[in-house]
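Data file: coords_19.pdb. Format and content: PDB, C-alpha atoms.
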```pdb
MODEL        1
ATOM      1  CA  MET A   1      59.596  73.752  52.724
ATOM      2  CA  ARG A   2      59.007  75.144  56.209
ATOM      3  CA  GLY A   3      57.896  78.738  56.635
ATOM      4  CA  LEU A   4      57.860  81.373  59.345
ATOM      5  CA  VAL A   5      55.043  79.474  61.008
ATOM      6  CA  SER A   6      56.289  76.084  62.172
ATOM      7  CA  GLU A   7      55.101  73.180  60.000
ATOM      8  CA  LEU A   8      53.161  75.468  57.631
ATOM      9  CA  VAL A   9      53.703  74.468  54.009
ATOM     10  CA  THR A  10      52.748  76.838  51.221
ATOM     11  CA  PRO A  11      49.751  75.711  49.172
ATOM     12  CA  HIS A  12      51.194  77.428  46.062
ATOM     13  CA  PRO A  13      54.988  76.890  45.742
ATOM     14  CA  LEU A  14      56.457  79.656  43.593
ATOM     15  CA  GLY A  15      59.362  77.551  42.347
ATOM     16  CA  GLU A  16      56.974  75.362  40.350
ATOM     17  CA  THR A  17      55.565  78.396  38.551
ATOM     18  CA  LEU A  18      58.917  79.706  37.296
ATOM     19  CA  PRO A  19      59.739  79.390  33.589
ATOM     20  CA  ALA A  20      61.517  76.177  32.569
ATOM     21  CA  LEU A  21      64.807  78.081  32.319
ATOM     22  CA  TYR A  22      64.794  78.586  36.124
ATOM     23  CA  GLN A  23      63.435  75.172  37.154
ATOM     24  CA  ASP A  24      66.970  73.779  37.589
ATOM     25  CA  ASP A  25      68.568  77.037  38.796
ATOM     26  CA  GLY A  26      69.449  76.650  42.493
ATOM     27  CA  LEU A  27      69.573  80.400  43.141
ATOM     28  CA  ALA A  28      66.152  81.039  41.559
ATOM     29  CA  GLN A  29      64.626  78.095  43.417
ATOM     30  CA  GLY A  30      66.214  79.281  46.705
ATOM     31  CA  LEU A  31      64.761  82.795  46.251
ATOM     32  CA  ALA A  32      61.360  81.331  45.384
ATOM     33  CA  SER A  33      61.534  79.092  48.445
ATOM     34  CA  ALA A  34      62.351  82.101  50.656
ATOM     35  CA  MET A  35      59.320  83.903  49.260
ATOM     36  CA  ASP A  36      57.217  80.786  49.932
ATOM     37  CA  GLU A  37      58.175  80.976  53.623
ATOM     38  CA  ILE A  38      57.028  84.581  53.793
ATOM     39  CA  LEU A  39      53.842  84.143  51.755
ATOM     40  CA  ALA A  40      52.584  80.842  53.240
ATOM     41  CA  PRO A  41      50.901  82.441  56.304
ATOM     42  CA  ILE A  42      49.369  85.139  54.100
ATOM     43  CA  PHE A  43      47.960  82.634  51.600
ATOM     44  CA  THR A  44      46.615  80.473  54.414
ATOM     45  CA  SER A  45      44.914  83.457  56.092
ATOM     46  CA  LEU A  46      43.367  84.586  52.817
ATOM     47  CA  ASP A  47      42.182  81.066  52.026
ATOM     48  CA  CYS A  48      40.469  80.950  55.457
ATOM     49  CA  LEU A  49      39.109  84.525  55.405
ATOM     50  CA  PRO A  50      35.415  83.517  55.541
ATOM     51  CA  ALA A  51      36.103  81.619  58.777
ATOM     52  CA  TYR A  52      37.812  84.680  60.264
ATOM     53  CA  LEU A  53      34.701  86.774  59.584
ATOM     54  CA  ASP A  54      32.280  84.282  61.180
ATOM     55  CA  PRO A  55      32.165  84.851  64.974
ATOM     56  CA  LEU A  56      31.248  81.212  65.554
ATOM     57  CA  LEU A  57      34.390  80.023  63.716
ATOM     58  CA  ALA A  58      36.911  82.852  64.120
ATOM     59  CA  PRO A  59      40.143  82.158  66.000
ATOM     60  CA  THR A  60      39.875  83.176  69.640
ATOM     61  CA  ASP A  61      42.484  85.921  69.346
ATOM     62  CA  PHE A  62      40.578  87.448  66.392
ATOM     63  CA  LEU A  63      37.205  87.471  68.180
ATOM     64  CA  ASP A  64      37.891  90.715  70.124
ATOM     65  CA  TRP A  65      38.822  92.526  66.929
ATOM     66  CA  LEU A  66      35.727  91.182  65.188
ATOM     67  CA  GLY A  67      33.646  92.345  68.156
ATOM     68  CA  GLY A  68      35.107  95.821  67.717
ATOM     69  CA  TRP A  69      33.692  95.905  64.187
ATOM     70  CA  VAL A  70      30.165  95.622  65.589
ATOM     71  CA  GLY A  71      30.735  97.750  68.700
ATOM     72  CA  VAL A  72      30.929  94.965  71.289
ATOM     73  CA  THR A  73      33.431  94.885  74.145
ATOM     74  CA  LEU A  74      33.815  91.313  75.344
ATOM     75  CA  ASP A  75      34.313  90.206  78.924
ATOM     76  CA  HIS A  76      37.139  87.658  79.048
ATOM     77  CA  THR A  77      35.685  86.008  82.143
ATOM     78  CA  TRP A  78      32.806  84.676  80.008
ATOM     79  CA  PRO A  79      33.039  81.242  78.424
ATOM     80  CA  LEU A  80      34.216  81.307  74.806
ATOM     81  CA  GLU A  81      30.817  80.218  73.458
ATOM     82  CA  ARG A  82      29.051  83.130  75.186
ATOM     83  CA  ARG A  83      31.585  85.610  73.737
ATOM     84  CA  ARG A  84      31.041  84.154  70.267
ATOM     85  CA  LEU A  85      27.259  84.400  70.717
ATOM     86  CA  MET A  86      27.533  88.036  71.836
ATOM     87  CA  VAL A  87      29.456  89.022  68.694
ATOM     88  CA  ALA A  88      27.186  86.946  66.450
ATOM     89  CA  SER A  89      24.029  88.522  67.848
ATOM     90  CA  ALA A  90      25.327  92.112  68.189
ATOM     91  CA  VAL A  91      23.762  93.457  64.994
ATOM     92  CA  GLU A  92      20.359  91.959  65.836
ATOM     93  CA  LEU A  93      20.590  93.287  69.401
ATOM     94  CA  TYR A  94      21.339  96.799  68.134
ATOM     95  CA  ARG A  95      18.362  96.583  65.797
ATOM     96  CA  LEU A  96      16.113  95.834  68.780
ATOM     97  CA  ARG A  97      17.778  98.389  71.051
ATOM     98  CA  GLY A  98      15.334 100.454  73.098
ATOM     99  CA  THR A  99      12.631  97.784  73.088
ATOM    100  CA  ALA A 100      11.686  95.345  75.845
ATOM    101  CA  ALA A 101      12.508  92.437  73.516
ATOM    102  CA  GLY A 102      15.929  93.918  72.757
ATOM    103  CA  LEU A 103      16.697  94.485  76.429
ATOM    104  CA  ALA A 104      15.619  90.944  77.309
ATOM    105  CA  ALA A 105      17.751  89.472  74.504
ATOM    106  CA  GLN A 106      20.815  91.473  75.539
ATOM    107  CA  VAL A 107      20.472  90.509  79.210
ATOM    108  CA  GLU A 108      19.911  86.879  78.208
ATOM    109  CA  VAL A 109      23.118  86.799  76.160
ATOM    110  CA  PHE A 110      25.031  88.484  79.007
ATOM    111  CA  THR A 111      23.765  86.250  81.822
ATOM    112  CA  GLY A 112      22.834  83.044  80.022
ATOM    113  CA  GLY A 113      19.638  82.985  82.113
ATOM    114  CA  ARG A 114      15.922  83.360  81.578
ATOM    115  CA  VAL A 115      14.817  87.019  81.492
ATOM    116  CA  GLU A 116      11.500  88.665  82.297
ATOM    117  CA  ILE A 117      10.893  92.383  81.742
ATOM    118  CA  VAL A 118       8.188  94.085  83.831
ATOM    119  CA  GLU A 119       7.421  97.703  83.003
ATOM    120  CA  SER A 120       4.836 100.113  84.362
ATOM    121  CA  GLY A 121       3.314 100.776  80.962
ATOM    122  CA  ALA A 122       3.902 103.728  78.712
ATOM    123  CA  ALA A 123       0.330 104.657  77.822
ATOM    124  CA  GLY A 124      -3.047 103.711  79.148
ATOM    125  CA  TRP A 125      -6.673 104.468  78.515
ATOM    126  CA  SER A 126      -9.986 103.867  80.153
ATOM    127  CA  LYS A 127     -13.235 102.717  78.559
ATOM    128  CA  VAL A 128     -15.091 105.146  80.825
ATOM    129  CA  ALA A 129     -14.680 108.924  80.553
ATOM    130  CA  ASN A 130     -12.665 110.241  83.517
ATOM    131  CA  GLY A 131     -12.181 106.627  84.628
ATOM    132  CA  VAL A 132      -9.145 105.171  86.337
ATOM    133  CA  ILE A 133      -6.267 104.637  83.947
ATOM    134  CA  PRO A 134      -4.578 101.255  84.396
ATOM    135  CA  GLY A 135      -0.896 100.979  85.125
ATOM    136  CA  ASP A 136       1.319 103.165  87.248
ATOM    137  CA  ARG A 137       1.828 106.891  86.657
ATOM    138  CA  GLN A 138       5.500 106.608  87.600
ATOM    139  CA  PRO A 139       7.665 104.951  84.963
ATOM    140  CA  SER A 140       9.508 101.872  86.214
ATOM    141  CA  LEU A 141      11.309  98.881  84.818
ATOM    142  CA  THR A 142      12.117  95.623  86.581
ATOM    143  CA  VAL A 143      14.478  93.139  84.970
ATOM    144  CA  ARG A 144      14.144  89.639  86.468
ATOM    145  CA  VAL A 145      16.878  87.184  85.620
ATOM    146  CA  THR A 146      16.669  83.528  86.607
ATOM    147  CA  VAL A 147      20.037  81.735  86.581
ATOM    148  CA  ALA A 148      21.536  78.611  88.119
ATOM    149  CA  ASP A 149      24.109  80.582  90.143
ATOM    150  CA  PRO A 150      23.075  84.158  91.013
ATOM    151  CA  ASP A 151      26.496  84.856  92.549
ATOM    152  CA  ALA A 152      28.132  84.292  89.151
ATOM    153  CA  VAL A 153      26.286  87.257  87.599
ATOM    154  CA  ALA A 154      28.331  90.470  87.543
ATOM    155  CA  THR A 155      25.565  92.755  88.831
ATOM    156  CA  THR A 156      27.507  95.996  88.336
ATOM    157  CA  ARG A 157      28.136  95.170  84.698
ATOM    158  CA  LEU A 158      24.546  93.953  84.220
ATOM    159  CA  ASP A 159      23.253  97.191  85.744
ATOM    160  CA  ALA A 160      25.369  99.184  83.269
ATOM    161  CA  ILE A 161      24.061  97.112  80.339
ATOM    162  CA  VAL A 162      20.439  97.678  81.405
ATOM    163  CA  ALA A 163      21.074 101.400  81.958
ATOM    164  CA  ALA A 164      22.531 101.744  78.450
ATOM    165  CA  ALA A 165      19.763  99.756  76.741
ATOM    166  CA  LYS A 166      16.631 101.154  78.441
ATOM    167  CA  PRO A 167      14.980 104.533  77.865
ATOM    168  CA  ALA A 168      16.977 107.189  79.725
ATOM    169  CA  HIS A 169      14.035 108.590  81.727
ATOM    170  CA  MET A 170      12.979 105.227  83.152
ATOM    171  CA  PRO A 171      14.387 104.054  86.511
ATOM    172  CA  HIS A 172      15.176 100.353  86.675
ATOM    173  CA  ARG A 173      15.649  97.605  89.226
ATOM    174  CA  LEU A 174      17.390  94.236  88.884
ATOM    175  CA  GLU A 175      16.158  91.013  90.443
ATOM    176  CA  ILE A 176      18.460  88.020  90.136
ATOM    177  CA  LEU A 177      16.732  84.776  91.090
ATOM    178  CA  LYS A 178      17.955  81.201  91.481
ATOM    179  CA  GLU A 179      16.467  78.494  89.248
TER     180      GLU A 179
ENDMDL
END
```

Kindly return the structure encoded in the file as C-alpha cells.
Amino acid sequence: MRGLVSELVTPHPLGETLPALYQDDGLAQGLASAMDEILAPIFTSLDCLPAYLDPLLAPTDFLDWLGGWVGVTLDHTWPLERRRLMVASAVELYRLRGTAAGLAAQVEVFTGGRVEIVESGAAGWSKVANGVIPGDRQPSLTVRVTVADPDAVATTRLDAIVAAAKPAHMPHRLEILKE
C-alpha cells in the first residue's frame, strides 16, 4: 500500500479492521485501501506531534510557524541550530525582557558571541550628605559583543534588536569586537 506520500505505509490499515463479511470483498478492500492512502500522512503527523512542537526536533519547514507561536521572526541566513535555539529560548527571553540579563541573552542568541552590557546606572547614592553621586547623570547603554568574525554580524538587525529590548529612554551604542 503506497499513499500520497511516496513510500509512506499506513500504520493502521483500515481493511484489516472491517467486519469478516468484507475481508474478502475486493470493492470494500479497495475503498479501505484508498482511505489508507489519504489517512497515512495524517496518522503519521499525529503520531509525531510531540516532535513537531519541540523546536529542537521540529521539521525545518515547520520551525517558522512554530516561531510565530512565540512571536519570533527567524532570519534564514542563520544556521539551523541558531534558529532552533532562538525559538526554544523565546519564552525565557520574553520573561527577561527589559533587563540587562535579558538583553545580553537575546544578543547572545542572535550573534552567537560573548556579550557584555555596560550601563550608566539607574540610581545612585552617596554615603556623605550632598556628596558626589557615582555613575553618570546621562543614561547610556553600551552593548559589547565579542565574536570570531565581526563582519558576519548584521549590525542593522542587531541595532534593531537592542532598540526593541532596552528601555525606550536610554540611548545605546554597539561595539562589535573580534575574539

* **Shortest interatomic distance to Gly102 of chain A - which of A:Pro167, A:Pro59, A:Pro150, A:Pro50, counting all atoms listed in the file** =>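 Selected residue with least distance to Gly102 of chain A: A:Pro167.
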
* Asked: Nearest to Leu93 of chain A among A:Glu37, A:Glu175, A:Glu108, A:Glu116, with distances taken over all atoms listed in the file: which residue is it?
  ->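 Looking at the shortest contact to Leu93 of chain A, the residue is A:Glu108.
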
* To do: Pull out every residue that the PyMOL selection byres ((chain A and resi 164) around 12) matches in the shown coordinates and put them as a PyMOL selection string.
  => chain A and resi 94+97-99+102-103+106-107+157-163+165-172

Mind working out the centre and edge lengths of an axis-aligned box for segment 106-112 of chain A, all listed atoms inside, 4 Å added to each side, rounded to one decimal in Å and written as lines of an AutoDock Vina configuration file?
```
center_x = 22.5
center_y = 87.3
center_z = 78.7
size_x = 13.1
size_y = 16.4
size_z = 14.3
```

* Check the smallest atom-to-atom distance from each of A:Val128, A:Leu39, A:Ala28, A:Leu63 to Ala88 of chain A using only C-alpha atoms, then report the winner. =>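 Of A:Val128, A:Leu39, A:Ala28, A:Leu63, the one nearest Ala88 of chain A is A:Leu63, counting only C-alpha atoms.
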
* **Test item: which residues lie within 10 Å of (45.7, 76.2, 52.6) counting all atoms listed in the file, as an NGL selection string** => :A and (8-12 or 40-48)

* Gly113 of chain A: which residues within 8 Å, counting all atoms listed in the file, same-chain residues fewer than 5 positions away excluded, as a list of chain:residue names? ->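 Listed by chain and then number, they are A:Glu108, A:Val145, A:Thr146, A:Val147, A:Ala148.
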
* Between A:Ile38, A:Ala152, A:Leu27, A:Leu14, which one has atoms that come closest to Trp78 of chain A, using all atoms listed in the file? ->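 For Trp78 of chain A, the nearest of the given residues is A:Ala152.
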
If you count only C-alpha atoms, which residues fall within 12 Å of Arg84 of chain A, apart from same-chain ones fewer than 5 positions away, as an mmCIF file with C-alpha atoms, in the coordinates of the input?
```
data_model
loop_
_atom_site.group_PDB
_atom_site.id
_atom_site.type_symbol
_atom_site.label_atom_id
_atom_site.label_comp_id
_atom_site.auth_asym_id
_atom_site.auth_seq_id
_atom_site.Cartn_x
_atom_site.Cartn_y
_atom_site.Cartn_z
ATOM 1 C CA LEU A 53 34.701 86.774 59.584
ATOM 2 C CA ASP A 54 32.280 84.282 61.180
ATOM 3 C CA PRO A 55 32.165 84.851 64.974
ATOM 4 C CA LEU A 56 31.248 81.212 65.554
ATOM 5 C CA LEU A 57 34.390 80.023 63.716
ATOM 6 C CA ALA A 58 36.911 82.852 64.120
ATOM 7 C CA PRO A 59 40.143 82.158 66.000
ATOM 8 C CA THR A 60 39.875 83.176 69.640
ATOM 9 C CA ASP A 61 42.484 85.921 69.346
ATOM 10 C CA PHE A 62 40.578 87.448 66.392
ATOM 11 C CA LEU A 63 37.205 87.471 68.180
ATOM 12 C CA ASP A 64 37.891 90.715 70.124
ATOM 13 C CA TRP A 65 38.822 92.526 66.929
ATOM 14 C CA LEU A 66 35.727 91.182 65.188
ATOM 15 C CA GLY A 67 33.646 92.345 68.156
ATOM 16 C CA VAL A 72 30.929 94.965 71.289
ATOM 17 C CA THR A 73 33.431 94.885 74.145
ATOM 18 C CA LEU A 74 33.815 91.313 75.344
ATOM 19 C CA ASP A 75 34.313 90.206 78.924
ATOM 20 C CA HIS A 76 37.139 87.658 79.048
ATOM 21 C CA TRP A 78 32.806 84.676 80.008
ATOM 22 C CA PRO A 79 33.039 81.242 78.424
ATOM 23 C CA SER A 89 24.029 88.522 67.848
ATOM 24 C CA ALA A 90 25.327 92.112 68.189
ATOM 25 C CA VAL A 109 23.118 86.799 76.160
ATOM 26 C CA PHE A 110 25.031 88.484 79.007
#
```

* Counting all atoms listed in the file, which of A:Leu18, A:Ile176, A:Val132, A:Ala104 gets nearest to Asp151 of chain A? ->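 Closest to Asp151 of chain A of all the choices is A:Ile176.
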
* Asked: What is the atom CA of Leu85 of chain A to atom CA of Arg114 of chain A distance in Å?
  ->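 Computing the Euclidean distance for atom CA of Leu85 of chain A and atom CA of Arg114 of chain A yields 15.7 Å.
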
* Asked: Interatomic distance between atom CA of Leu177 of chain A and atom CA of Thr156 of chain A?
  ->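 If I compute the distance from atom CA of Leu177 of chain A to atom CA of Thr156 of chain A, I get 15.8 Å.
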
* Looking at A:Val70, A:Ala101, A:Ala51, A:Ala129, which one is nearest to Val87 of chain A, with distances taken over only C-alpha atoms? ->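 Answer, going by the shortest atom-to-atom distance: A:Val70.
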